[in-house]
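The block underneath contains the structure these notes are about, expressed in structure tokens.
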Amino acid sequence: MKNYTEPLKKYWKTESLSFIATFTKYKEKEGFFNDFINPESLKKIYYPEFDTIKVNQKKVSFYIPNAKKFVDGHYYKVDLAFMDKVKSKNNPYSLEIKKVTLLNQTDIQNHLEDFINEELLINVFNIKSFIKKNDSKEHIRLRFERLNSPEANKIIANLMREIGKGMYSSKQRMIFELLQNADDSPGKDKVEFHIDANGDYLFVMHDGTPFSKDDVDAITSAAESTKRKDKKKTGYKGIGFKSTFTDSKEVWLKSGGYQFAFIRESLLFKDFESFYFTTSDYQKYPGLIADHRKKYQKDIKSYDSSTDIPWQIIPIWQDSLPNEFTDSNFSNFNNPVQFALKVGTNNIYSDDGYLSAINNIVKRPQFLLFLRNTSKFRSPKNKVTVTRTDKDNLIKIEKTTVEYIGKKSTQKQDVLEYTKQVYSDIQVNNEAFSALNIGLKKIVEKNDLNDDTYYFVDKDGNKIETIPPKLASATETEISFGVLLVNNKLSPEKEYIKGLSKYSSLFTYLPMEDNRFQLPFLVNADFVPSSDRQRIQGDNLWNKYIMIKVAEKHVDILAFYAMEFIKDNSINDTYLSLLLMNPLSEDDTAQEIIPSYNDKYLEDLYEKEIVVNDNNETQLLSETIIDNSGFIELFGHDMFYEI
């Protein structure tokens, strides 16, 4: 068993594997240590999923067979350590209890109620680097003062404007970006995401992991991410948070001991000297001001704060919150991550505002289907809640809407059920690329620090900049199918049956708007998206490879359901509805990818001999022979597309 101690420390954001745990008595002599809490963040810890590790129970719990000396309901310091052999199926990372220490119950209770006990952290848990309020305030000051070059700031400000224009014109996409960020950093077993509005402000709150120093550094940088090397996180460009600035004049953040804002029209930016010449360096060396007035004479004369300052990455510490927050749900949910965006009432309540965007999102509640950690999406202003519950490979998505007739309210519930089929063995290596003649090659090199670096090249050896290194560093990737169940029967998506032109079946954990690839079911994979995150890059060799593998697995899933049907005709009798009604239509923007999909799909159907005979009976027999014209008749069997 591989030792995952360091990845677990990083995931749980702790310097050691020492936690606060509650003892729960079971029978007379036995018990459990449950509810393991990070003593610094005060958040419960849960087992993550690394690599191919199967996590049956995310809750951290340890059974104690001889527990006479432990007191029911008391808090203990529990030190964990790696062991060589797994002792329990609910212990996926092979941990054991190394030491247990009784804590002062009064001290620890006060500490857990957010009266941070610094002596406890230092002396009992040996935590030396925890963030105190003054530390976080100082950190924000340093981030504010670091941008002291007028010329560089003009360049960054211009880039930030261009990023916003090119990527985040959609309000719906902005909400998806924040939802993705929450899903990538779960603070507990399942994340609940809340979005609300009051006055000029849009509020986003969730119970993901509180912001750390690294998180703050990332969002106050132009394109830095804490997710680049984490294969269990979707983002890699570090610009998802920047979507919040599209319509905002102000963006407020409260999380992990931090409370600061990005304010476009701050008085601190009013004139050149109030921004550049009031930092600590000028206070320490006042003689610099006269010298720098000469140095920056041209910049001072042309200074325009609205175009020269990259306010989107300059945090300003806030000791208090605006009055509008008091009458909102900003603090009511008590979530560890809270945002407030000052976007204006028109951007919230108009026909094309954020509340309207939320209504569009929840029209297809399947948006929760492929997220790794999110179980709830709630918008009180829209009177809608979408929840997701998982049981093995069955997923139920329930949308609850409150409707008013006069003064009387009623609840309307819509339920969708899916079976989720996951293929986690998609190889990412040169042998797999070569076998499909993709023209893609993975390169591994050592950098100056002797660390491995990964990237892709094309058939001519040119480096491909559009595929992130995180994908190149993987040995396997994953493709997931979400197949709709109607009355417990396999069924294609309704939009697919109707042939709606806007229907899209592709997800990169959240839905895309790519109608070039219309399949009978929903597909999630690590596609490389276009700059606006709406479509996959149509000329990308990685996407070509993934779509060929989707075609391959499309036939595999048909074969799987067919074999089950042959064994028992009472199940999967509608599996043929997952056949394509027609080959994917050609499109110049994805010319290589679409023919590759169609070719692989047809080739594998021949190979597995999934056909329909003249009596509309399924055959998977090796002696089945059918010519090309007869084979094509598979497409368009209307009887298989009725719901």
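Labels used: A, B, ... for chains in the order of the structure tokens, numbers from 1 for residues in each chain, and numbers from 1 for ligands as shown.
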
| DSSP-assigned strand (DSSP E) members of stretch 36-253 of chain A, reported as a PyMOL selection string | chain A and resi 36-37+62-64+75-82+95-102+191-198+201-206+250-253

Output C-alpha atoms for every residue in that selection, as a compact mmCIF listing (two decimals), in the first residue's frame.
```txt
# COMPACT_ATOMS: atom_id res chain seq x y z
CA PHE A 36 -12.23 14.11 13.29
CA ILE A 37 -11.63 17.88 13.20
CA PHE A 62 -11.76 4.25 14.03
CA TYR A 63 -13.15 1.33 16.02
CA ILE A 64 -11.65 0.78 19.50
CA TYR A 75 -12.75 15.25 23.10
CA TYR A 76 -9.33 13.70 22.52
CA LYS A 77 -6.24 14.51 20.52
CA VAL A 78 -5.79 11.56 18.16
CA ASP A 79 -2.50 11.13 16.29
CA LEU A 80 -2.73 9.02 13.13
CA ALA A 81 0.07 7.31 11.23
CA PHE A 82 0.54 5.17 8.13
CA LEU A 95 -3.99 4.69 8.72
CA GLU A 96 -3.84 3.65 12.37
CA ILE A 97 -4.14 5.42 15.70
CA LYS A 98 -0.63 6.06 17.00
CA LYS A 99 -1.47 7.97 20.17
CA VAL A 100 -4.53 9.28 22.06
CA THR A 101 -4.40 12.20 24.53
CA LEU A 102 -7.32 13.49 26.65
CA VAL A 191 -20.75 20.57 -0.77
CA GLU A 192 -23.87 22.74 -0.55
CA PHE A 193 -23.86 25.81 -2.80
CA HIS A 194 -26.12 28.81 -2.11
CA ILE A 195 -26.66 31.88 -4.28
CA ASP A 196 -28.79 34.84 -3.21
CA ALA A 197 -29.31 38.56 -3.90
CA ASN A 198 -30.11 41.75 -2.03
CA TYR A 201 -25.31 42.57 -4.45
CA LEU A 202 -25.24 38.96 -5.56
CA PHE A 203 -24.14 36.60 -2.78
CA VAL A 204 -22.44 33.22 -3.26
CA MET A 205 -21.88 30.97 -0.24
CA HIS A 206 -20.74 27.38 0.08
CA GLU A 250 -16.85 45.28 -6.16
CA VAL A 251 -16.08 41.69 -5.12
CA TRP A 252 -16.03 40.90 -1.39
CA LEU A 253 -14.63 37.75 0.17
```

| field | Near-A:Asp319 list (12 Å; only C-alpha atoms; drop same-chain fewer than 3 positions) as a PyMOL selection string | value | chain A and resi 133-134+136-137+252-254+257-261+316+322

| Quick one: residues within 10 Å of A:Lys58, only C-alpha atoms counted, chain neighbours fewer than 2 positions away excluded, as JSON, numbers by chain? | {"A": [45, 46, 47, 48, 49, 55, 56, 60, 61, 90, 91, 92, 188, 189, 190]}

| Taking only C-alpha atoms into account, which of A:Ser212, A:Thr246, A:Asn329, A:Thr220 comes nearest A:Asp135? |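 So, comparing all the options, the nearest one is A:Ser212.
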
| request: Quick one: pick out all helix (DSSP H, G or I) residues within stretch 2-182 of chain A from a backbone DSSP run and write them as a ChimeraX atom specification. | output: /A:5-12,105-112,118-124,133-145,150-167,171-182

| said: Quick one: residues within 8 Å of A:Tyr509, only C-alpha atoms, excluding same-chain residues fewer than 4 positions away - as JSON, numbers by chain? | reply: {"A": [234, 369, 370, 371, 372, 524, 525]}

Quick one: residues within 9 Å of A:Leu510, only C-alpha atoms counted, chain neighbours fewer than 2 positions away excluded, as a CSV table (one decimal) with N, CA, C and O atoms, in the first residue's frame?
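part.csv was written with the following content:
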```csv
chain,number,residue,atom,x,y,z
A,176,PHE,N,-21.3,28.9,-13.1
A,176,PHE,CA,-20.7,27.6,-13.2
A,176,PHE,C,-19.3,27.6,-12.7
A,176,PHE,O,-18.8,26.7,-12.1
A,179,LEU,N,-19.3,27.5,-9.0
A,179,LEU,CA,-19.7,26.2,-8.6
A,179,LEU,C,-18.6,25.2,-8.7
A,179,LEU,O,-18.4,24.3,-7.8
A,180,GLN,N,-17.8,25.3,-9.8
A,180,GLN,CA,-16.7,24.4,-10.0
A,180,GLN,C,-15.6,24.6,-9.0
A,180,GLN,O,-15.1,23.6,-8.4
A,366,GLN,N,-29.6,18.4,-14.6
A,366,GLN,CA,-28.5,17.4,-14.8
A,366,GLN,C,-27.2,18.1,-14.6
A,366,GLN,O,-26.2,17.4,-14.6
A,367,PHE,N,-27.1,19.4,-14.4
A,367,PHE,CA,-25.8,20.1,-14.3
A,367,PHE,C,-25.1,19.5,-13.0
A,367,PHE,O,-23.8,19.7,-13.0
A,368,LEU,N,-25.8,18.9,-12.1
A,368,LEU,CA,-25.1,18.4,-10.9
A,368,LEU,C,-24.6,16.9,-11.1
A,368,LEU,O,-23.8,16.4,-10.3
A,369,LEU,N,-24.9,16.4,-12.3
A,369,LEU,CA,-24.7,14.9,-12.5
A,369,LEU,C,-23.2,14.5,-12.3
A,369,LEU,O,-22.9,13.4,-11.7
A,370,PHE,N,-22.3,15.2,-12.9
A,370,PHE,CA,-20.9,14.8,-12.9
A,370,PHE,C,-20.0,15.5,-12.0
A,370,PHE,O,-18.8,15.2,-12.0
A,371,LEU,N,-20.5,16.4,-11.2
A,371,LEU,CA,-19.7,17.1,-10.2
A,371,LEU,C,-19.2,16.0,-9.1
A,371,LEU,O,-20.0,15.1,-8.8
A,506,LEU,N,-22.2,17.0,-24.0
A,506,LEU,CA,-20.9,16.9,-23.4
A,506,LEU,C,-20.8,17.8,-22.1
A,506,LEU,O,-21.4,18.8,-22.0
A,507,PHE,N,-20.0,17.2,-21.2
A,507,PHE,CA,-19.7,17.9,-19.9
A,507,PHE,C,-18.2,17.9,-19.7
A,507,PHE,O,-17.5,17.0,-20.1
A,508,THR,N,-17.7,19.0,-19.1
A,508,THR,CA,-16.4,19.0,-18.5
A,508,THR,C,-16.7,19.2,-17.0
A,508,THR,O,-16.4,20.2,-16.4
A,512,MET,N,-21.5,21.7,-21.1
A,512,MET,CA,-21.0,22.6,-22.2
A,512,MET,C,-22.2,22.9,-23.1
A,512,MET,O,-23.3,22.4,-22.9
A,524,ASN,N,-19.2,12.8,-19.8
A,524,ASN,CA,-18.2,13.7,-19.1
A,524,ASN,C,-16.8,13.2,-19.3
A,524,ASN,O,-16.6,12.0,-19.2
```

| Nearby residues (only C-alpha atoms) at most 7 Å from stretch 392-402 of chain A, same-chain spacing under 3 positions excluded, as number ranges by chain | A: 365, 383-389, 409-421

Include N, CA, C and O atoms and write out the residues we just selected as a PDB file, in the first residue's frame.
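Generated file (selection-v8.pdb):
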```
ATOM      1  N   PRO A 365     -31.569  20.293 -14.565  1.00  0.00           N
ATOM      2  CA  PRO A 365     -30.902  20.021 -13.280  1.00  0.00           C
ATOM      3  C   PRO A 365     -29.807  18.971 -13.376  1.00  0.00           C
ATOM      4  O   PRO A 365     -29.104  18.721 -12.393  1.00  0.00           O
ATOM      5  N   LYS A 383     -36.507  30.651  -5.604  1.00  0.00           N
ATOM      6  CA  LYS A 383     -37.373  29.671  -4.922  1.00  0.00           C
ATOM      7  C   LYS A 383     -37.137  28.254  -5.461  1.00  0.00           C
ATOM      8  O   LYS A 383     -38.078  27.493  -5.683  1.00  0.00           O
ATOM      9  N   VAL A 384     -35.858  27.916  -5.655  1.00  0.00           N
ATOM     10  CA  VAL A 384     -35.539  26.616  -6.231  1.00  0.00           C
ATOM     11  C   VAL A 384     -34.352  25.989  -5.498  1.00  0.00           C
ATOM     12  O   VAL A 384     -33.412  26.688  -5.101  1.00  0.00           O
ATOM     13  N   THR A 385     -34.431  24.685  -5.320  1.00  0.00           N
ATOM     14  CA  THR A 385     -33.335  23.900  -4.750  1.00  0.00           C
ATOM     15  C   THR A 385     -33.162  22.643  -5.589  1.00  0.00           C
ATOM     16  O   THR A 385     -34.141  21.958  -5.904  1.00  0.00           O
ATOM     17  N   VAL A 386     -31.926  22.358  -5.977  1.00  0.00           N
ATOM     18  CA  VAL A 386     -31.618  21.126  -6.707  1.00  0.00           C
ATOM     19  C   VAL A 386     -30.707  20.283  -5.828  1.00  0.00           C
ATOM     20  O   VAL A 386     -29.666  20.759  -5.367  1.00  0.00           O
ATOM     21  N   THR A 387     -31.106  19.055  -5.569  1.00  0.00           N
ATOM     22  CA  THR A 387     -30.303  18.158  -4.743  1.00  0.00           C
ATOM     23  C   THR A 387     -29.962  16.898  -5.518  1.00  0.00           C
ATOM     24  O   THR A 387     -30.707  16.469  -6.399  1.00  0.00           O
ATOM     25  N   ARG A 388     -28.852  16.316  -5.150  1.00  0.00           N
ATOM     26  CA  ARG A 388     -28.390  15.079  -5.784  1.00  0.00           C
ATOM     27  C   ARG A 388     -28.084  14.051  -4.705  1.00  0.00           C
ATOM     28  O   ARG A 388     -27.397  14.343  -3.722  1.00  0.00           O
ATOM     29  N   THR A 389     -28.588  12.834  -4.881  1.00  0.00           N
ATOM     30  CA  THR A 389     -28.282  11.735  -3.971  1.00  0.00           C
ATOM     31  C   THR A 389     -27.761  10.555  -4.783  1.00  0.00           C
ATOM     32  O   THR A 389     -28.283  10.249  -5.856  1.00  0.00           O
ATOM     33  N   SER A 409     -48.698  28.903  -0.946  1.00  0.00           N
ATOM     34  CA  SER A 409     -47.513  28.347  -1.607  1.00  0.00           C
ATOM     35  C   SER A 409     -47.623  26.832  -1.703  1.00  0.00           C
ATOM     36  O   SER A 409     -48.157  26.171  -0.816  1.00  0.00           O
ATOM     37  N   THR A 410     -47.118  26.316  -2.795  1.00  0.00           N
ATOM     38  CA  THR A 410     -47.057  24.863  -2.986  1.00  0.00           C
ATOM     39  C   THR A 410     -45.667  24.497  -3.492  1.00  0.00           C
ATOM     40  O   THR A 410     -44.982  25.310  -4.102  1.00  0.00           O
ATOM     41  N   GLN A 411     -45.279  23.267  -3.234  1.00  0.00           N
ATOM     42  CA  GLN A 411     -43.982  22.788  -3.703  1.00  0.00           C
ATOM     43  C   GLN A 411     -44.154  21.864  -4.896  1.00  0.00           C
ATOM     44  O   GLN A 411     -44.949  20.931  -4.853  1.00  0.00           O
ATOM     45  N   LYS A 412     -43.398  22.152  -5.938  1.00  0.00           N
ATOM     46  CA  LYS A 412     -43.403  21.291  -7.111  1.00  0.00           C
ATOM     47  C   LYS A 412     -42.072  20.555  -7.172  1.00  0.00           C
ATOM     48  O   LYS A 412     -41.011  21.160  -7.023  1.00  0.00           O
ATOM     49  N   GLN A 413     -42.128  19.258  -7.383  1.00  0.00           N
ATOM     50  CA  GLN A 413     -40.911  18.452  -7.414  1.00  0.00           C
ATOM     51  C   GLN A 413     -40.766  17.731  -8.748  1.00  0.00           C
ATOM     52  O   GLN A 413     -41.716  17.109  -9.226  1.00  0.00           O
ATOM     53  N   ASP A 414     -39.599  17.853  -9.326  1.00  0.00           N
ATOM     54  CA  ASP A 414     -39.252  17.127 -10.549  1.00  0.00           C
ATOM     55  C   ASP A 414     -38.059  16.235 -10.237  1.00  0.00           C
ATOM     56  O   ASP A 414     -37.059  16.706  -9.681  1.00  0.00           O
ATOM     57  N   VAL A 415     -38.158  14.975 -10.609  1.00  0.00           N
ATOM     58  CA  VAL A 415     -37.108  14.015 -10.277  1.00  0.00           C
ATOM     59  C   VAL A 415     -36.556  13.381 -11.548  1.00  0.00           C
ATOM     60  O   VAL A 415     -37.312  12.947 -12.422  1.00  0.00           O
ATOM     61  N   LEU A 416     -35.245  13.372 -11.653  1.00  0.00           N
ATOM     62  CA  LEU A 416     -34.557  12.678 -12.740  1.00  0.00           C
ATOM     63  C   LEU A 416     -33.708  11.567 -12.140  1.00  0.00           C
ATOM     64  O   LEU A 416     -33.093  11.753 -11.085  1.00  0.00           O
ATOM     65  N   GLU A 417     -33.686  10.433 -12.811  1.00  0.00           N
ATOM     66  CA  GLU A 417     -32.858   9.323 -12.347  1.00  0.00           C
ATOM     67  C   GLU A 417     -31.904   8.905 -13.459  1.00  0.00           C
ATOM     68  O   GLU A 417     -32.293   8.819 -14.627  1.00  0.00           O
ATOM     69  N   TYR A 418     -30.664   8.652 -13.063  1.00  0.00           N
ATOM     70  CA  TYR A 418     -29.629   8.267 -14.014  1.00  0.00           C
ATOM     71  C   TYR A 418     -28.867   7.056 -13.501  1.00  0.00           C
ATOM     72  O   TYR A 418     -28.736   6.853 -12.284  1.00  0.00           O
ATOM     73  N   THR A 419     -28.380   6.263 -14.435  1.00  0.00           N
ATOM     74  CA  THR A 419     -27.360   5.289 -14.100  1.00  0.00           C
ATOM     75  C   THR A 419     -26.057   5.830 -14.664  1.00  0.00           C
ATOM     76  O   THR A 419     -25.997   6.274 -15.819  1.00  0.00           O
ATOM     77  N   LYS A 420     -25.041   5.837 -13.827  1.00  0.00           N
ATOM     78  CA  LYS A 420     -23.757   6.422 -14.213  1.00  0.00           C
ATOM     79  C   LYS A 420     -22.746   5.300 -14.436  1.00  0.00           C
ATOM     80  O   LYS A 420     -22.493   4.489 -13.543  1.00  0.00           O
ATOM     81  N   GLN A 421     -22.191   5.252 -15.624  1.00  0.00           N
ATOM     82  CA  GLN A 421     -21.190   4.246 -15.969  1.00  0.00           C
ATOM     83  C   GLN A 421     -19.848   4.951 -16.147  1.00  0.00           C
ATOM     84  O   GLN A 421     -19.722   5.875 -16.952  1.00  0.00           O
TER      85      GLN A 421
END
```

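Minimum atom-to-atom distances from A:Tyr303, A:Pro315, A:Asp207, A:Lys459 to A:Lys376 were compared using only C-alpha atoms, and the lowest value belongs to A:Asp207.
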
Per residue of stretch 455-506 of chain A within 10 Å of stretch 553-569 of chain A, note the shortest atom pair and the distance in Å to one decimal, counting only C-alpha atoms, and order the rows by chain and increasing residue number, as a tab-separated table.
```
residue	atom	partner	partner_atom	distance
A:Ile479	CA	A:Lys553	CA	8.5
A:Ser480	CA	A:Lys553	CA	9.4
A:Phe481	CA	A:His554	CA	8.6
A:Leu490	CA	A:Tyr561	CA	9.4
```

| said: With distances taken over only C-alpha atoms, which residue among A:Val528, A:Ala435, A:Met581, A:Met83 lies nearest A:Tyr496? | reply: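 Checking each of A:Val528, A:Ala435, A:Met581, A:Met83 against A:Tyr496, counting only C-alpha atoms, the winner is A:Met581.
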
| Residue with smallest distance to A:Asp184 - pool A:Gln172, A:Asn126, A:Asn373, A:Ser18, counting only C-alpha atoms |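 Closest to A:Asp184, using only C-alpha atoms: A:Asn373.
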
| note | Counting only C-alpha atoms, closest pick from A:Trp311, A:Tyr4, A:Phe70, A:Phe521 relative to A:Glu28 is A:Phe70
